[in-house]
Amino acid sequence: MLLAIDTATPQVGVAVGVDGAVVGRVELARGQRHAEALAPAVEYLLRATGISLDQLAGIAVGTGPGLFTGLRVGVTTARVMAQVLRIPIVGVASLDLVAYPLRHTPRLLVAALDARRHEVFWATYRTVPGGLQRVGDYAVGDPAELVAELEAHGEEALLAGDGALRYRAEFEAVDRLELAGPEFAAPSAGALIELAHARFEREEFAQPTEVVPLYLRRSDAEIEWDRKPA
Amino acid sequence: MVTSQAPTAGRPRGELVLGIETSCDETAAAVVADGREIHSSIVSSQVDLHARFGGVVPEIASRAHLELINVVVAEALVEAGCDFADLHAVAACHGPGLAGALLVGVSAAKAVAVCRSIPYVGVNHLEAHLQAAWLDEPDLTPPLAVLIASGGHTMIVIVESRGRYRVVGQTVDDAAGEAFDKVARFLGLGYPGGPAIDAVATSGDPRAVRFPRPMAGEGFDFSFSGLKTAVVQYVRKHPEVPVADIAASFQEAVVDVLSTKLLAAAEAAGARTLVLGGGVAANRNLRARVDALAASSGRRAYLPGPALCTDNAAMIAATGWFRLHSDGPTPLSGGATPGLRLPVVG
Ligand SMILES: [Zn+2]
């Protein structure tokens, strides 16, 4: 049994699964804040599926990139649960969890999450047998930078995630690009169960202290510091 | 991963509460039995991470808390000789403090609560500073006049009984610790400012410059931003005056205002005991002055050691235990409140 948590976007997503199949999931797209909703959602899900904590063999968590506050709630919760239960943990990038449910498209697949400050986090994927392969690094930047990248690719593409929806107007101007709907706005807790299961099978898990959010952006203070003349 | 080799017979007895504190720049965890007996108190300071910025950077603090939390909690359990399974409850500071920082401690505590099916208690940081006094002085008898002074707060609280508080004075602008930081930075003494000024001032003359005593004689509120400005203006006009004299004279003004108002508040409330809490309470000059004022006015001064004055998790665990018994657990749907106020009577 695996417990999966993703809080990289306004959504609080929790799922439990066995052998890579989802037994139950809670996805609150909006409502209470992460810290308020997460622990009750975990309790509810375990109770409703009749799964006890001692049946859990591992914890999976979405590591972003995404909203810093949400990520910290999810990653801290997952790390401490793994510590208390003495079970392994795996971190999976939340952008992968946006892309994975759309893996059957023959097109170039792009996941983009809202990074606030008129920026998006994004990554690009291609379908490979049995899953997805990421092309290039996880990135953060102005939607215009992603638009430029997509135009450079110039091929049929599918763009998913709340960053795509938020800057819809900018992306709709790109040729041969289709936007996935709100159903694909947030990382899928179900995808996390599937992807994490494969990692656990390969014993690619970590110690709780090794799992940290993928911030991609430094603190403003550090950025300012480097701008100062020496 | 946590392991504890302690034999069952050697485990601490009583209701063990794990306390977690992440409201500012200290990642702390502690195990306290029955709200009184400290079995461990681990504090991991991030001072070095923030030093070059001259103050706490919230985003850096939040990231560091997340990275440190598992290890600090594990150390607290190992040092106490117990395991998660021995815990009666888990408490975390849920405000006031930095939003992102608080959420790490709150999330960690709730994760422990869910995994062990034990109560979670969200603790008010200011109340914890007040309750810290009982940790090594269980016979403390209210009413008490308490000065909490740190980088984040400056207030005088009358503790009418354990759990009943009256805020009689607070800062209208900067906190006392903030004033120390700003003046230390201006004088090139480094960060954090409190210990830096305390050290330099020992070789200076506290009567060299008569800096203003802001709001002296005007109730129990404080103001420190004008004092900082006065120091800056004075140094610009008199660059020849040694830094040690400036530091000593500035510290003298702060200590004067803090201690005089604390005594006046105690007199007004009929409190026989003066108590200090918060990081500024580690200032040697302030401690000596409060001691002297208490003695000369026929009062008692209770000055907890610096480890209990500065931010720590033992005070969170102790307060969590107290609140669990008085108010019950906090729901798991409870969040963090950066601007949380002290619960007061009246
Ligand atoms: Zn404090």
# chains A, B, ... in the order shown; residues from 1 in each chain; ligands from 1

$ residues_near_ligand --ligand "ligand 1" --cutoff "9 Å" --atoms "only C-alpha atoms and all ligand atoms" --output "list in words"
Ser23, Cys24, Pro96, Gly97, His125, Leu126, Ala128, His129, Ile148, Ala149, Ser150, Gly151, Gly152, His153, Gly277, Gly278, Gly279, Cys309, Thr310, Asp311 and Asn312 of chain B

$ interface_residues --of "chain B" --to "chain A" --cutoff "9 Å" --atoms "only C-alpha atoms" --output "ChimeraX atom specification"
/B:1-2,53,57-60,62-63,66-71,74,84-85,99-100,103-112,114-116,331-336

$ write_last_selection --atoms "N, CA, C and O atoms" --output "compact mmCIF listing (two decimals), in the first residue's frame"
# COMPACT_ATOMS: atom_id res chain seq x y z
N MET B 1 16.34 7.93 9.86
CA MET B 1 15.32 7.15 10.60
C MET B 1 15.64 7.16 12.08
O MET B 1 16.81 7.17 12.47
N VAL B 2 14.65 7.15 12.91
CA VAL B 2 14.87 7.27 14.34
C VAL B 2 15.00 5.91 15.00
O VAL B 2 14.19 5.02 14.76
N PHE B 53 22.40 38.95 5.57
CA PHE B 53 21.29 39.82 5.21
C PHE B 53 20.93 40.78 6.35
O PHE B 53 20.06 41.63 6.21
N VAL B 57 15.48 36.21 6.87
CA VAL B 57 14.83 36.20 5.56
C VAL B 57 13.78 35.08 5.57
O VAL B 57 14.14 33.91 5.66
N PRO B 58 12.49 35.43 5.50
CA PRO B 58 11.44 34.42 5.68
C PRO B 58 11.57 33.19 4.77
O PRO B 58 11.46 32.06 5.23
N GLU B 59 11.85 33.41 3.48
CA GLU B 59 11.92 32.27 2.57
C GLU B 59 13.10 31.35 2.91
O GLU B 59 12.97 30.12 2.87
N ILE B 60 14.21 31.94 3.28
CA ILE B 60 15.38 31.13 3.66
C ILE B 60 15.07 30.36 4.94
O ILE B 60 15.41 29.17 5.07
N SER B 62 12.12 29.36 6.04
CA SER B 62 11.14 28.30 5.78
C SER B 62 11.83 27.09 5.15
O SER B 62 11.55 25.95 5.50
N ARG B 63 12.72 27.34 4.21
CA ARG B 63 13.43 26.23 3.55
C ARG B 63 14.30 25.49 4.55
O ARG B 63 14.38 24.26 4.53
N LEU B 66 12.34 23.15 6.87
CA LEU B 66 11.95 21.89 6.23
C LEU B 66 13.13 20.92 6.20
O LEU B 66 12.98 19.73 6.46
N GLU B 67 14.31 21.44 5.89
CA GLU B 67 15.47 20.55 5.79
C GLU B 67 15.90 20.00 7.15
O GLU B 67 16.45 18.91 7.24
N LEU B 68 15.66 20.77 8.20
CA LEU B 68 16.17 20.40 9.52
C LEU B 68 15.17 19.62 10.37
O LEU B 68 15.55 18.95 11.33
N ILE B 69 13.89 19.71 10.04
CA ILE B 69 12.87 19.27 10.98
C ILE B 69 12.99 17.81 11.39
O ILE B 69 12.92 17.48 12.57
N ASN B 70 13.23 16.90 10.42
CA ASN B 70 13.29 15.48 10.78
C ASN B 70 14.43 15.19 11.74
O ASN B 70 14.28 14.43 12.70
N VAL B 71 15.58 15.80 11.47
CA VAL B 71 16.76 15.53 12.28
C VAL B 71 16.59 16.09 13.69
O VAL B 71 16.93 15.44 14.69
N ALA B 74 14.20 13.91 15.58
CA ALA B 74 14.85 12.63 15.92
C ALA B 74 15.81 12.82 17.09
O ALA B 74 15.84 12.00 18.02
N PHE B 84 8.57 7.71 19.19
CA PHE B 84 7.25 8.27 18.85
C PHE B 84 6.13 7.51 19.59
O PHE B 84 5.14 8.11 19.98
N ALA B 85 6.33 6.21 19.77
CA ALA B 85 5.29 5.39 20.40
C ALA B 85 5.05 5.77 21.86
O ALA B 85 4.00 5.45 22.42
N ALA B 99 4.76 33.01 8.27
CA ALA B 99 3.77 32.06 7.78
C ALA B 99 4.40 30.75 7.28
O ALA B 99 4.04 29.67 7.74
N GLY B 100 5.33 30.87 6.35
CA GLY B 100 5.92 29.66 5.76
C GLY B 100 6.68 28.84 6.78
O GLY B 100 6.71 27.61 6.71
N LEU B 103 4.25 26.87 9.15
CA LEU B 103 3.59 25.74 8.50
C LEU B 103 4.43 24.47 8.52
O LEU B 103 3.88 23.37 8.52
N VAL B 104 5.74 24.62 8.55
CA VAL B 104 6.60 23.43 8.61
C VAL B 104 6.39 22.72 9.96
O VAL B 104 6.16 21.51 10.00
N GLY B 105 6.42 23.48 11.04
CA GLY B 105 6.24 22.87 12.37
C GLY B 105 4.85 22.31 12.55
O GLY B 105 4.68 21.20 13.08
N VAL B 106 3.85 23.06 12.10
CA VAL B 106 2.46 22.61 12.24
C VAL B 106 2.25 21.32 11.43
O VAL B 106 1.65 20.35 11.91
N SER B 107 2.77 21.29 10.19
CA SER B 107 2.60 20.10 9.35
C SER B 107 3.31 18.89 9.96
O SER B 107 2.79 17.78 9.93
N ALA B 108 4.51 19.13 10.48
CA ALA B 108 5.27 18.03 11.08
C ALA B 108 4.52 17.47 12.29
O ALA B 108 4.40 16.26 12.45
N ALA B 109 4.01 18.37 13.13
CA ALA B 109 3.31 17.92 14.34
C ALA B 109 2.04 17.14 13.98
O ALA B 109 1.74 16.11 14.57
N LYS B 110 1.32 17.63 12.99
CA LYS B 110 0.09 16.92 12.60
C LYS B 110 0.42 15.56 12.00
O LYS B 110 -0.33 14.60 12.19
N ALA B 111 1.54 15.47 11.27
CA ALA B 111 1.93 14.17 10.70
C ALA B 111 2.19 13.18 11.83
O ALA B 111 1.79 12.02 11.75
N VAL B 112 2.85 13.64 12.90
CA VAL B 112 3.09 12.76 14.05
C VAL B 112 1.76 12.36 14.68
O VAL B 112 1.51 11.19 15.00
N VAL B 114 -1.25 12.20 13.33
CA VAL B 114 -2.00 11.27 12.49
C VAL B 114 -1.40 9.86 12.59
O VAL B 114 -2.11 8.88 12.77
N CYS B 115 -0.07 9.79 12.50
CA CYS B 115 0.59 8.48 12.48
C CYS B 115 0.50 7.76 13.82
O CYS B 115 0.52 6.53 13.86
N ARG B 116 0.45 8.51 14.91
CA ARG B 116 0.41 7.87 16.23
C ARG B 116 -0.98 7.90 16.86
O ARG B 116 -1.16 7.40 17.97
N PRO B 331 -8.10 20.82 16.56
CA PRO B 331 -8.47 19.97 15.43
C PRO B 331 -7.36 19.91 14.39
O PRO B 331 -6.61 20.88 14.23
N LEU B 332 -7.29 18.79 13.67
CA LEU B 332 -6.26 18.66 12.63
C LEU B 332 -6.50 19.64 11.49
O LEU B 332 -5.64 19.84 10.65
N SER B 333 -7.68 20.24 11.45
CA SER B 333 -7.96 21.25 10.42
C SER B 333 -7.46 22.63 10.82
O SER B 333 -7.64 23.60 10.09
N GLY B 334 -6.80 22.73 11.98
CA GLY B 334 -6.26 24.02 12.41
C GLY B 334 -5.05 24.40 11.57
O GLY B 334 -4.25 23.55 11.23
N GLY B 335 -4.94 25.67 11.25
CA GLY B 335 -3.81 26.12 10.43
C GLY B 335 -2.78 26.85 11.25
O GLY B 335 -2.62 26.59 12.45
N ALA B 336 -2.07 27.76 10.60
CA ALA B 336 -1.11 28.62 11.28
C ALA B 336 -1.59 30.06 11.13
O ALA B 336 -2.16 30.41 10.10

$ residues_around --residues "B:Thr260" --least-positions-apart "4" --cutoff "12 Å" --atoms "only C-alpha atoms" --output "VMD selection string"
chain B and resid 147 156 213 to 222 252 to 256 264 to 267 274 286 289 to 294 297

$ write_last_selection --atoms "C-alpha atoms" --output "compact mmCIF listing (two decimals), in the first residue's frame"
# COMPACT_ATOMS: atom_id res chain seq x y z
CA LEU B 147 8.53 41.41 30.00
CA ILE B 156 4.60 43.61 29.25
CA ARG B 213 14.17 57.43 26.79
CA PRO B 214 11.21 57.19 24.40
CA MET B 215 7.76 57.28 25.98
CA ALA B 216 9.24 57.34 29.49
CA GLY B 217 6.49 58.08 31.99
CA GLU B 218 3.79 57.53 29.35
CA GLY B 219 2.16 54.30 30.42
CA PHE B 220 3.66 50.94 29.60
CA ASP B 221 3.97 51.10 25.82
CA PHE B 222 7.33 51.25 24.07
CA GLU B 252 21.63 51.84 28.72
CA ALA B 253 18.66 53.71 27.22
CA VAL B 254 16.91 50.49 26.13
CA VAL B 255 17.54 48.72 29.43
CA ASP B 256 16.39 51.79 31.34
CA ALA B 264 5.92 50.34 37.07
CA ALA B 265 3.58 47.75 35.55
CA ALA B 266 4.26 45.39 38.45
CA GLU B 267 3.48 48.17 40.94
CA LEU B 274 9.27 40.30 37.84
CA LEU B 286 18.97 44.03 31.49
CA ARG B 289 19.04 45.92 36.25
CA VAL B 290 15.82 43.94 36.72
CA ASP B 291 17.46 42.05 39.57
CA ALA B 292 18.46 45.31 41.23
CA LEU B 293 15.05 46.94 40.71
CA ALA B 294 13.30 43.92 42.20
CA SER B 297 11.37 47.46 45.58

$ closest_residue --among "A:Gly13, A:Pro187, A:Pro182, A:Gly161" --to "A:Ala112" --atoms "only C-alpha atoms"
A:Gly161

$ select_by_dssp --residues "stretch 108-168 of chain B" --states "strand (DSSP E)" --output "list in words"
Tyr120, Val121, Gly122, Val123, Asn124, Leu144, Ala145, Val146, Leu147, Ile148, Ala149, Thr154, Met155, Ile156, Val157, Ile158, Val159, Glu160, Ser161, Arg164, Tyr165, Arg166, Val167 and Val168 of chain B

$ atom_distance --atom1 "atom CA of B:Arg323" --atom2 "atom CA of B:Asp34"
11.6 Å

$ residues_around --residues "B:Val232" --least-positions-apart "3" --cutoff "12 Å" --atoms "only C-alpha atoms" --output "list in words"
Ala179, Lys182, Val183, Ala184, Arg185, Phe186, Leu187, Phe211, Ser225, Gly226, Leu227, Lys228, Thr229, Val235, Arg236, Lys237, His238, Pro239, Val243, Ile246, Ala247 and Phe250 of chain B

$ write_last_selection --atoms "C-alpha atoms" --output "compact mmCIF listing (two decimals), in the first residue's frame"
# COMPACT_ATOMS: atom_id res chain seq x y z
CA ALA B 179 16.40 48.05 17.60
CA LYS B 182 19.47 47.96 13.44
CA VAL B 183 21.84 49.89 15.69
CA ALA B 184 24.42 47.08 15.60
CA ARG B 185 24.27 47.05 11.81
CA PHE B 186 24.66 50.83 11.70
CA LEU B 187 27.66 50.63 14.04
CA PHE B 211 20.09 59.15 24.42
CA SER B 225 12.43 53.61 16.21
CA GLY B 226 13.09 57.17 17.43
CA LEU B 227 15.92 55.95 19.62
CA LYS B 228 17.57 54.28 16.64
CA THR B 229 17.27 57.55 14.69
CA VAL B 235 27.09 59.37 15.37
CA ARG B 236 26.92 61.46 12.17
CA LYS B 237 27.47 64.60 14.21
CA HIS B 238 30.10 63.13 16.56
CA PRO B 239 32.12 60.59 14.60
CA VAL B 243 31.72 52.88 19.17
CA ILE B 246 27.73 54.64 21.69
CA ALA B 247 26.81 50.97 22.10
CA PHE B 250 22.25 52.99 23.52

$ select_by_dssp --residues "stretch 23-111 of chain A" --states "alpha helix (DSSP H)" --output "number ranges by chain"
A: 34-49, 68-85, 94-99

$ write_last_selection --atoms "N, CA and C atoms" --output "compact mmCIF listing (two decimals), in the first residue's frame"
# COMPACT_ATOMS: atom_id res chain seq x y z
N HIS A 34 -3.77 24.41 2.30
CA HIS A 34 -3.09 23.12 2.36
C HIS A 34 -2.93 22.59 3.79
N ALA A 35 -2.43 23.46 4.67
CA ALA A 35 -2.12 23.00 6.02
C ALA A 35 -3.38 22.59 6.76
N GLU A 36 -4.49 23.21 6.41
CA GLU A 36 -5.75 22.91 7.09
C GLU A 36 -6.38 21.64 6.52
N ALA A 37 -6.25 21.45 5.21
CA ALA A 37 -6.97 20.35 4.55
C ALA A 37 -6.20 19.03 4.55
N LEU A 38 -4.88 19.10 4.53
CA LEU A 38 -4.12 17.87 4.24
C LEU A 38 -4.28 16.77 5.29
N ALA A 39 -4.02 17.08 6.56
CA ALA A 39 -4.07 16.02 7.58
C ALA A 39 -5.49 15.42 7.69
N PRO A 40 -6.55 16.24 7.70
CA PRO A 40 -7.90 15.65 7.71
C PRO A 40 -8.18 14.79 6.47
N ALA A 41 -7.65 15.20 5.31
CA ALA A 41 -7.87 14.42 4.08
C ALA A 41 -7.19 13.06 4.19
N VAL A 42 -5.98 13.03 4.73
CA VAL A 42 -5.26 11.76 4.90
C VAL A 42 -6.05 10.85 5.85
N GLU A 43 -6.49 11.42 6.96
CA GLU A 43 -7.26 10.62 7.94
C GLU A 43 -8.53 10.08 7.31
N TYR A 44 -9.25 10.95 6.61
CA TYR A 44 -10.52 10.54 5.99
C TYR A 44 -10.29 9.41 4.99
N LEU A 45 -9.28 9.59 4.16
CA LEU A 45 -9.04 8.62 3.09
C LEU A 45 -8.70 7.25 3.66
N LEU A 46 -7.87 7.22 4.69
CA LEU A 46 -7.49 5.94 5.29
C LEU A 46 -8.72 5.28 5.92
N ARG A 47 -9.51 6.10 6.59
CA ARG A 47 -10.71 5.56 7.25
C ARG A 47 -11.68 5.03 6.21
N ALA A 48 -11.92 5.83 5.14
CA ALA A 48 -12.92 5.47 4.14
C ALA A 48 -12.51 4.25 3.32
N THR A 49 -11.20 4.04 3.17
CA THR A 49 -10.76 2.87 2.40
C THR A 49 -10.46 1.69 3.31
N PHE A 68 5.39 27.51 -3.18
CA PHE A 68 6.31 27.16 -2.10
C PHE A 68 5.59 26.73 -0.82
N THR A 69 4.58 27.49 -0.44
CA THR A 69 3.90 27.19 0.82
C THR A 69 3.22 25.83 0.76
N GLY A 70 2.53 25.58 -0.33
CA GLY A 70 1.86 24.29 -0.48
C GLY A 70 2.86 23.15 -0.46
N LEU A 71 3.93 23.30 -1.21
CA LEU A 71 4.97 22.27 -1.27
C LEU A 71 5.53 21.94 0.10
N ARG A 72 5.75 22.99 0.88
CA ARG A 72 6.34 22.75 2.20
C ARG A 72 5.41 21.94 3.09
N VAL A 73 4.11 22.22 2.97
CA VAL A 73 3.14 21.47 3.77
C VAL A 73 3.15 20.00 3.35
N GLY A 74 3.10 19.74 2.05
CA GLY A 74 3.05 18.37 1.56
C GLY A 74 4.34 17.61 1.82
N VAL A 75 5.46 18.24 1.52
CA VAL A 75 6.75 17.55 1.67
C VAL A 75 7.06 17.32 3.15
N THR A 76 6.79 18.32 4.01
CA THR A 76 7.03 18.12 5.44
C THR A 76 6.16 16.97 5.97
N THR A 77 4.88 16.99 5.60
CA THR A 77 3.97 15.95 6.07
C THR A 77 4.46 14.57 5.64
N ALA A 78 4.84 14.45 4.36
CA ALA A 78 5.29 13.15 3.85
C ALA A 78 6.58 12.71 4.54
N ARG A 79 7.52 13.64 4.69
CA ARG A 79 8.80 13.30 5.33
C ARG A 79 8.60 12.83 6.76
N VAL A 80 7.76 13.54 7.52
CA VAL A 80 7.58 13.18 8.93
C VAL A 80 6.76 11.90 9.05
N MET A 81 5.77 11.71 8.17
CA MET A 81 5.02 10.44 8.21
C MET A 81 5.95 9.27 7.94
N ALA A 82 6.83 9.41 6.96
CA ALA A 82 7.78 8.33 6.65
C ALA A 82 8.70 8.07 7.84
N GLN A 83 9.09 9.14 8.51
CA GLN A 83 9.97 9.00 9.68
C GLN A 83 9.26 8.26 10.82
N VAL A 84 8.03 8.68 11.11
CA VAL A 84 7.31 8.08 12.23
C VAL A 84 6.96 6.62 11.92
N LEU A 85 6.51 6.36 10.70
CA LEU A 85 6.09 5.00 10.33
C LEU A 85 7.27 4.12 9.92
N SER A 94 6.07 17.34 -9.55
CA SER A 94 4.64 17.56 -9.75
C SER A 94 4.30 17.83 -11.21
N LEU A 95 5.24 18.39 -11.98
CA LEU A 95 4.98 18.61 -13.40
C LEU A 95 4.78 17.28 -14.11
N ASP A 96 5.53 16.25 -13.69
CA ASP A 96 5.36 14.92 -14.27
C ASP A 96 3.94 14.41 -14.02
N LEU A 97 3.38 14.80 -12.87
CA LEU A 97 2.05 14.32 -12.49
C LEU A 97 0.95 15.04 -13.26
N VAL A 98 1.29 16.18 -13.84
CA VAL A 98 0.34 16.88 -14.72
C VAL A 98 0.37 16.21 -16.09
N ALA A 99 1.57 15.86 -16.53
CA ALA A 99 1.74 15.32 -17.88
C ALA A 99 1.26 13.86 -17.98

$ residues_around --residues "stretch 126-136 of chain A" --least-positions-apart "6" --cutoff "8 Å" --atoms "only C-alpha atoms" --output "list in words"
Tyr100, Arg103, His104, Thr105, Pro106, Arg107, Leu108 and Leu109 of chain A

$ closest_residue --among "A:Val147, A:Thr7, A:Ala111, A:Glu204" --to "A:Val26" --atoms "only C-alpha atoms"
A:Thr7
